[in-house]
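Peer 1: Below is target12.txt; it holds compact mmCIF, C-alpha atoms.
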# COMPACT_ATOMS: atom_id res chain seq x y z
CA MET I 1 0.00 0.00 0.00
CA GLU I 2 2.99 2.30 0.39
CA ASP I 3 3.02 3.16 -3.33
CA PHE I 4 -0.69 4.01 -3.44
CA ASN I 5 -1.61 6.90 -5.72
CA ILE I 6 -5.23 8.07 -5.84
CA ASN I 7 -4.71 9.00 -9.49
CA GLN I 8 -4.46 5.28 -10.22
CA CYS I 9 -8.05 4.81 -9.03
CA GLU I 10 -10.81 4.40 -11.57
CA ILE I 11 -14.35 5.54 -10.81
CA ARG I 12 -17.13 3.41 -12.28
CA TYR I 13 -20.85 4.01 -12.16
CA ASP I 14 -23.93 1.88 -12.70
CA TYR I 15 -25.10 -1.55 -11.60
CA GLU I 16 -23.35 -3.62 -14.25
CA ASN I 17 -19.94 -2.21 -13.28
CA MET I 18 -20.02 -3.14 -9.59
CA ASP I 19 -18.41 -6.23 -8.07
CA PHE I 20 -21.29 -7.23 -5.82
CA VAL I 21 -19.36 -10.08 -4.24
CA LYS I 22 -16.75 -7.55 -3.04
CA VAL I 23 -19.37 -4.92 -2.17
CA THR I 24 -21.27 -7.47 -0.07
CA LYS I 25 -18.06 -8.50 1.67
CA MET I 26 -17.32 -4.87 2.52
CA LEU I 27 -20.84 -3.95 3.63
CA SER I 28 -21.29 -7.12 5.69
CA CYS I 29 -18.50 -5.81 7.96
CA ALA I 30 -20.01 -2.33 8.31
CA PHE I 31 -21.79 -1.64 11.61
CA TRP I 32 -24.96 -0.55 9.78
CA SER I 33 -25.32 -3.75 7.75
CA ILE I 34 -23.59 -6.57 9.62
CA ASP I 35 -23.96 -9.88 7.75
CA ILE I 36 -25.91 -8.33 4.86
CA LYS I 37 -26.45 -10.82 2.04
CA ILE I 38 -25.77 -10.28 -1.64
CA GLU I 39 -29.46 -10.41 -2.57
CA GLU I 40 -30.23 -7.43 -0.30
CA VAL I 41 -27.18 -5.52 -1.58
CA LYS I 42 -28.22 -6.09 -5.19
CA GLN I 43 -31.86 -5.17 -4.52
CA GLY I 44 -30.84 -1.92 -2.84
CA ALA I 45 -28.44 -1.15 -5.68
CA SER I 46 -31.00 -1.82 -8.38
CA ASN I 47 -33.43 0.58 -6.69
CA SER I 48 -30.88 3.38 -6.35
CA ALA I 49 -30.52 6.49 -8.49
CA LEU I 50 -26.73 6.23 -8.66
CA LEU I 51 -24.05 3.71 -7.78
CA ILE I 52 -20.37 4.54 -7.59
CA GLY I 53 -17.41 2.23 -7.21
CA VAL I 54 -13.73 2.98 -6.92
CA PHE I 55 -11.37 0.42 -8.41
CA MET I 56 -7.65 -0.23 -8.31
CA LYS I 57 -7.20 -2.23 -11.50
CA GLU I 58 -10.05 -4.75 -11.21
CA ASN I 59 -10.22 -4.69 -7.40
CA GLN I 60 -13.17 -2.70 -6.05
CA ILE I 61 -11.99 -0.71 -3.02
CA GLY I 62 -14.89 1.72 -2.56
CA TYR I 63 -18.65 1.82 -2.93
CA ALA I 64 -21.52 4.21 -2.31
CA ARG I 65 -25.05 4.64 -3.55
CA VAL I 66 -27.63 7.39 -3.76
CA ILE I 67 -31.39 7.28 -3.34
CA SER I 68 -32.96 10.26 -5.09
CA ASP I 69 -35.80 11.75 -7.07
CA LYS I 70 -33.02 13.36 -9.16
CA THR I 71 -34.77 16.72 -8.79
CA ARG I 72 -34.91 17.98 -5.21
CA PHE I 73 -33.58 15.38 -2.81
CA ALA I 74 -30.80 12.81 -2.54
CA TYR I 75 -29.71 10.54 0.29
CA ILE I 76 -26.17 9.15 0.18
CA MET I 77 -25.69 5.78 1.83
CA ASP I 78 -23.57 2.65 2.08
CA VAL I 79 -20.38 4.68 1.70
CA TYR I 80 -17.59 2.21 2.30
CA VAL I 81 -13.85 2.19 1.63
CA ASP I 82 -11.85 -1.02 1.97
CA GLU I 83 -10.00 -0.82 5.29
CA HIS I 84 -6.60 -1.14 3.56
CA TYR I 85 -7.28 2.04 1.55
CA ARG I 86 -8.77 4.34 4.17
CA LYS I 87 -7.48 7.83 4.98
CA ARG I 88 -6.20 8.26 1.43
CA GLY I 89 -8.93 10.52 0.01
CA ILE I 90 -11.11 7.82 -1.54
CA GLY I 91 -14.20 8.70 0.52
CA GLN I 92 -13.94 12.34 -0.46
CA LEU I 93 -13.36 11.34 -4.09
CA MET I 94 -16.59 9.33 -4.07
CA ILE I 95 -18.65 12.03 -2.35
CA ASN I 96 -17.38 14.79 -4.65
CA SER I 97 -18.06 12.58 -7.68
CA ILE I 98 -21.61 12.00 -6.46
CA LEU I 99 -22.26 15.68 -5.73
CA THR I 100 -21.13 16.69 -9.23
CA HIS I 101 -22.63 13.80 -11.21
CA GLU I 102 -24.73 14.80 -14.21
CA LYS I 103 -27.64 12.54 -13.17
CA LEU I 104 -28.01 14.52 -9.93
CA LYS I 105 -27.25 18.03 -11.18
CA ASP I 106 -30.70 19.39 -10.21
CA VAL I 107 -30.60 18.12 -6.62
CA TYR I 108 -30.36 20.84 -3.99
CA GLN I 109 -31.14 18.94 -0.77
CA TRP I 110 -28.55 16.33 0.19
CA LEU I 111 -28.65 14.11 3.25
CA LEU I 112 -26.54 11.41 4.81
CA ILE I 113 -26.09 9.83 8.20
CA THR I 114 -22.71 9.17 9.75
CA LYS I 115 -21.64 7.88 13.11
CA ASP I 116 -17.91 8.43 12.80
CA ALA I 117 -16.92 10.15 9.53
CA HIS I 118 -17.98 13.76 10.12
CA GLY I 119 -14.51 14.97 9.14
CA VAL I 120 -14.69 13.31 5.71
CA TYR I 121 -18.11 14.71 4.92
CA SER I 122 -17.46 18.21 6.25
CA LYS I 123 -14.61 18.53 3.75
CA THR I 124 -17.17 18.03 0.97
CA GLY I 125 -19.60 20.64 2.31
CA PHE I 126 -21.85 18.66 4.66
CA LYS I 127 -22.83 20.21 8.00
CA PRO I 128 -24.91 18.99 10.94
CA LEU I 129 -28.66 19.36 10.40
CA GLY I 130 -29.69 23.00 10.62
CA THR I 131 -33.15 22.10 11.87
CA PRO I 132 -32.85 18.71 13.59
CA ASP I 133 -36.18 19.20 15.37
CA SER I 134 -37.94 19.26 11.99
CA TRP I 135 -36.82 15.75 11.08
CA MET I 136 -38.79 12.68 12.11
CA GLU I 137 -38.15 9.00 11.63
CA ILE I 138 -39.51 5.52 11.96
CA ARG I 139 -36.65 3.18 12.70
CA ASN I 140 -37.55 -0.49 12.76
CA LYS I 141 -35.22 -3.39 13.41
CA ARG I 142 -33.53 -4.64 10.24
CA PRO I 143 -35.41 -7.76 9.07
CA GLU I 144 -33.71 -11.12 9.00
CA ARG I 145 -33.02 -12.16 5.42
Take the structure in the file and give it back as structure tokens.
Peer 2:
Amino acid sequence: MEDFNINQCEIRYDYENMDFVKVTKMLSCAFWSIDIKIEEVKQGASNSALLIGVFMKENQIGYARVISDKTRFAYIMDVYVDEHYRKRGIGQLMINSILTHEKLKDVYQWLLITKDAHGVYSKTGFKPLGTPDSWMEIRNKRPER
């Protein structure tokens, strides 16, 4: 990893360009989707407005997806960088690529949730909710699949 250069990374978009075996392996280790199965990953991906993957040669090292109406609102989720490539700018690369993607050019309300990556997202323009008391949620337990 010592000779890593972010300029060697390739960004790919769209369902057919993702390595869902690798994406599932990454997401199944994430605290928000422990033990997620490939069928759920693929279903979520197929229902998303945008998918982004970062690759080193043919090895997928990053993934994120966006749920959006492509007009007013977008929610960024499942942002994950392979643990061997973290703290090298890949997360910011993905977020900036999402925020400037042609498919989402009309979106003016962006949202994401993070437990521990506030520093990454603040560098791309995200701030804590300005009106947190306006937001409401229903949060059910993740179903067994």
Peer 1: Given the choices I:Val79, I:Met56, I:Ile67, I:Ala45, which gets closest to Phe31 (chain I) if the distance is worked out from all atoms listed in the file?
Peer 2: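 When distances to Phe31 (chain I) are compared using all atoms listed in the file, the smallest one comes from I:Val79.
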Peer 1: List as a PDB file with C-alpha atoms, in the coordinates of the input: which residues have an atom within 8 Å of (-14.7, -0.4, -2.0), counting all atoms listed in the file?
Peer 2:
ATOM      1  CA  LYS I  22     -16.750  -7.550  -3.040  1.00  0.00           C
ATOM      2  CA  VAL I  23     -19.370  -4.920  -2.170  1.00  0.00           C
ATOM      3  CA  MET I  26     -17.320  -4.870   2.520  1.00  0.00           C
ATOM      4  CA  GLY I  53     -17.410   2.230  -7.210  1.00  0.00           C
ATOM      5  CA  VAL I  54     -13.730   2.980  -6.920  1.00  0.00           C
ATOM      6  CA  PHE I  55     -11.370   0.420  -8.410  1.00  0.00           C
ATOM      7  CA  GLN I  60     -13.170  -2.700  -6.050  1.00  0.00           C
ATOM      8  CA  ILE I  61     -11.990  -0.710  -3.020  1.00  0.00           C
ATOM      9  CA  GLY I  62     -14.890   1.720  -2.560  1.00  0.00           C
ATOM     10  CA  TYR I  63     -18.650   1.820  -2.930  1.00  0.00           C
ATOM     11  CA  TYR I  80     -17.590   2.210   2.300  1.00  0.00           C
ATOM     12  CA  VAL I  81     -13.850   2.190   1.630  1.00  0.00           C
ATOM     13  CA  ASP I  82     -11.850  -1.020   1.970  1.00  0.00           C
TER      14      ASP I  82
END
Peer 1: What does the distance from CA of Leu50 (chain I) to CA of Lys123 (chain I) come to in Å, to one decimal?
Peer 2: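 Calculated distance between CA of Leu50 (chain I) and CA of Lys123 (chain I) is 21.3 Å.
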Peer 1: Quick one: residues within 12 Å of Asp116 (chain I), all atoms listed in the file, excluding same-chain residues fewer than 2 positions away - as a list of chain:residue names?
Peer 2: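 What passes the distance filter is I:Ala30, I:Phe31, I:Trp32, I:Val79, I:Ile113, I:Thr114, I:His118, I:Gly119, I:Val120, I:Tyr121, I:Ser122.
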Peer 1: Could you name the residues that touch His101 (chain I) at 12 Å or less, counting only C-alpha atoms, but leaving out those on the same chain fewer than 5 positions away, as a list in words?
Peer 2: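 Counting only C-alpha atoms, the residues come to Ile11, Arg12, Tyr13, Ala49, Leu50, Leu51, Ile52, Val66, Lys70, Ala74, Leu93, Met94, Ile95, Asn96, Asp106 and Val107 of chain I.
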Peer 1: Extract, using only C-alpha atoms, all DNA, RNA and protein residues at most 10 Å from Ile38 (chain I), discarding same-chain residues fewer than 4 positions from it, and format them as number ranges by chain.
Peer 2: I: 20-25, 27-28, 42-44
Peer 1: Using Å and a single decimal, report how far CA of Lys105 (chain I) sits from CA of Met136 (chain I).
Peer 2: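 One can read the CA of Met136 (chain I) to CA of Lys105 (chain I) distance as 26.5 Å.
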Peer 1: Calculate how many Å separate CA of Asp19 (chain I) from CA of Asn7 (chain I), rounding to one decimal.
Peer 2: 20.5 Å
Peer 1: For region 116-125 of chain I, what centre and edge lengths in Å (one decimal) does the axis-aligned box get once 5 Å is added on each side of all its listed atoms, as AutoDock Vina command-line options?
Peer 2:
--center_x -17.1 --center_y 14.5 --center_z 6.9 --size_x 15.1 --size_y 22.2 --size_z 21.8
Peer 1: Excluding same-chain residues fewer than 2 positions from Phe73 (chain I), what lies within 6 Å of it counting all atoms listed in the file, as a list in words?
Peer 2: Ser68, Val107, Gln109 and Trp110 of chain I
Peer 1: Write a file for region 106-127 of chain I, containing N, CA and C atoms (output as a PDB file, in the first residue's frame).
Peer 2:
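Saved the output as selection.pdb:
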ATOM      1  N   ASP I 106     -29.597  18.543 -10.665  1.00  0.00           N
ATOM      2  CA  ASP I 106     -30.697  19.388 -10.206  1.00  0.00           C
ATOM      3  C   ASP I 106     -30.957  19.302  -8.703  1.00  0.00           C
ATOM      4  N   VAL I 107     -30.349  18.340  -8.047  1.00  0.00           N
ATOM      5  CA  VAL I 107     -30.599  18.119  -6.621  1.00  0.00           C
ATOM      6  C   VAL I 107     -30.030  19.273  -5.795  1.00  0.00           C
ATOM      7  N   TYR I 108     -30.828  19.764  -4.856  1.00  0.00           N
ATOM      8  CA  TYR I 108     -30.364  20.840  -3.994  1.00  0.00           C
ATOM      9  C   TYR I 108     -30.499  20.517  -2.503  1.00  0.00           C
ATOM     10  N   GLN I 109     -31.066  19.379  -2.163  1.00  0.00           N
ATOM     11  CA  GLN I 109     -31.145  18.941  -0.774  1.00  0.00           C
ATOM     12  C   GLN I 109     -30.450  17.585  -0.673  1.00  0.00           C
ATOM     13  N   TRP I 110     -29.343  17.550   0.031  1.00  0.00           N
ATOM     14  CA  TRP I 110     -28.554  16.331   0.190  1.00  0.00           C
ATOM     15  C   TRP I 110     -28.565  15.916   1.666  1.00  0.00           C
ATOM     16  N   LEU I 111     -28.623  14.625   1.894  1.00  0.00           N
ATOM     17  CA  LEU I 111     -28.649  14.115   3.251  1.00  0.00           C
ATOM     18  C   LEU I 111     -27.796  12.859   3.344  1.00  0.00           C
ATOM     19  N   LEU I 112     -27.193  12.677   4.480  1.00  0.00           N
ATOM     20  CA  LEU I 112     -26.536  11.413   4.805  1.00  0.00           C
ATOM     21  C   LEU I 112     -26.496  11.292   6.310  1.00  0.00           C
ATOM     22  N   ILE I 113     -26.234  10.095   6.773  1.00  0.00           N
ATOM     23  CA  ILE I 113     -26.092   9.832   8.202  1.00  0.00           C
ATOM     24  C   ILE I 113     -24.708   9.240   8.408  1.00  0.00           C
ATOM     25  N   THR I 114     -24.011   9.738   9.415  1.00  0.00           N
ATOM     26  CA  THR I 114     -22.707   9.166   9.749  1.00  0.00           C
ATOM     27  C   THR I 114     -22.551   9.102  11.259  1.00  0.00           C
ATOM     28  N   LYS I 115     -21.929   8.053  11.694  1.00  0.00           N
ATOM     29  CA  LYS I 115     -21.641   7.880  13.109  1.00  0.00           C
ATOM     30  C   LYS I 115     -20.226   8.373  13.426  1.00  0.00           C
ATOM     31  N   ASP I 116     -19.313   8.194  12.471  1.00  0.00           N
ATOM     32  CA  ASP I 116     -17.908   8.427  12.802  1.00  0.00           C
ATOM     33  C   ASP I 116     -17.073   9.069  11.693  1.00  0.00           C
ATOM     34  N   ALA I 117     -17.696   9.591  10.641  1.00  0.00           N
ATOM     35  CA  ALA I 117     -16.922  10.154   9.528  1.00  0.00           C
ATOM     36  C   ALA I 117     -17.282  11.615   9.255  1.00  0.00           C
ATOM     37  N   HIS I 118     -17.612  12.349  10.281  1.00  0.00           N
ATOM     38  CA  HIS I 118     -17.982  13.756  10.118  1.00  0.00           C
ATOM     39  C   HIS I 118     -16.884  14.558   9.427  1.00  0.00           C
ATOM     40  N   GLY I 119     -15.633  14.261   9.745  1.00  0.00           N
ATOM     41  CA  GLY I 119     -14.509  14.971   9.136  1.00  0.00           C
ATOM     42  C   GLY I 119     -14.439  14.790   7.635  1.00  0.00           C
ATOM     43  N   VAL I 120     -14.702  13.579   7.161  1.00  0.00           N
ATOM     44  CA  VAL I 120     -14.691  13.306   5.713  1.00  0.00           C
ATOM     45  C   VAL I 120     -15.781  14.122   5.031  1.00  0.00           C
ATOM     46  N   TYR I 121     -16.976  14.065   5.575  1.00  0.00           N
ATOM     47  CA  TYR I 121     -18.110  14.711   4.921  1.00  0.00           C
ATOM     48  C   TYR I 121     -18.066  16.232   5.030  1.00  0.00           C
ATOM     49  N   SER I 122     -17.541  16.748   6.124  1.00  0.00           N
ATOM     50  CA  SER I 122     -17.464  18.206   6.254  1.00  0.00           C
ATOM     51  C   SER I 122     -16.526  18.797   5.202  1.00  0.00           C
ATOM     52  N   LYS I 123     -15.528  18.049   4.787  1.00  0.00           N
ATOM     53  CA  LYS I 123     -14.610  18.526   3.746  1.00  0.00           C
ATOM     54  C   LYS I 123     -15.286  18.616   2.380  1.00  0.00           C
ATOM     55  N   THR I 124     -16.435  17.976   2.237  1.00  0.00           N
ATOM     56  CA  THR I 124     -17.166  18.028   0.971  1.00  0.00           C
ATOM     57  C   THR I 124     -18.384  18.948   1.051  1.00  0.00           C
ATOM     58  N   GLY I 125     -18.535  19.649   2.184  1.00  0.00           N
ATOM     59  CA  GLY I 125     -19.596  20.642   2.306  1.00  0.00           C
ATOM     60  C   GLY I 125     -20.729  20.279   3.247  1.00  0.00           C
ATOM     61  N   PHE I 126     -20.775  19.053   3.763  1.00  0.00           N
ATOM     62  CA  PHE I 126     -21.851  18.660   4.662  1.00  0.00           C
ATOM     63  C   PHE I 126     -21.669  19.305   6.028  1.00  0.00           C
ATOM     64  N   LYS I 127     -22.802  19.627   6.659  1.00  0.00           N
ATOM     65  CA  LYS I 127     -22.834  20.210   7.997  1.00  0.00           C
ATOM     66  C   LYS I 127     -23.893  19.467   8.806  1.00  0.00           C
TER      67      LYS I 127
END
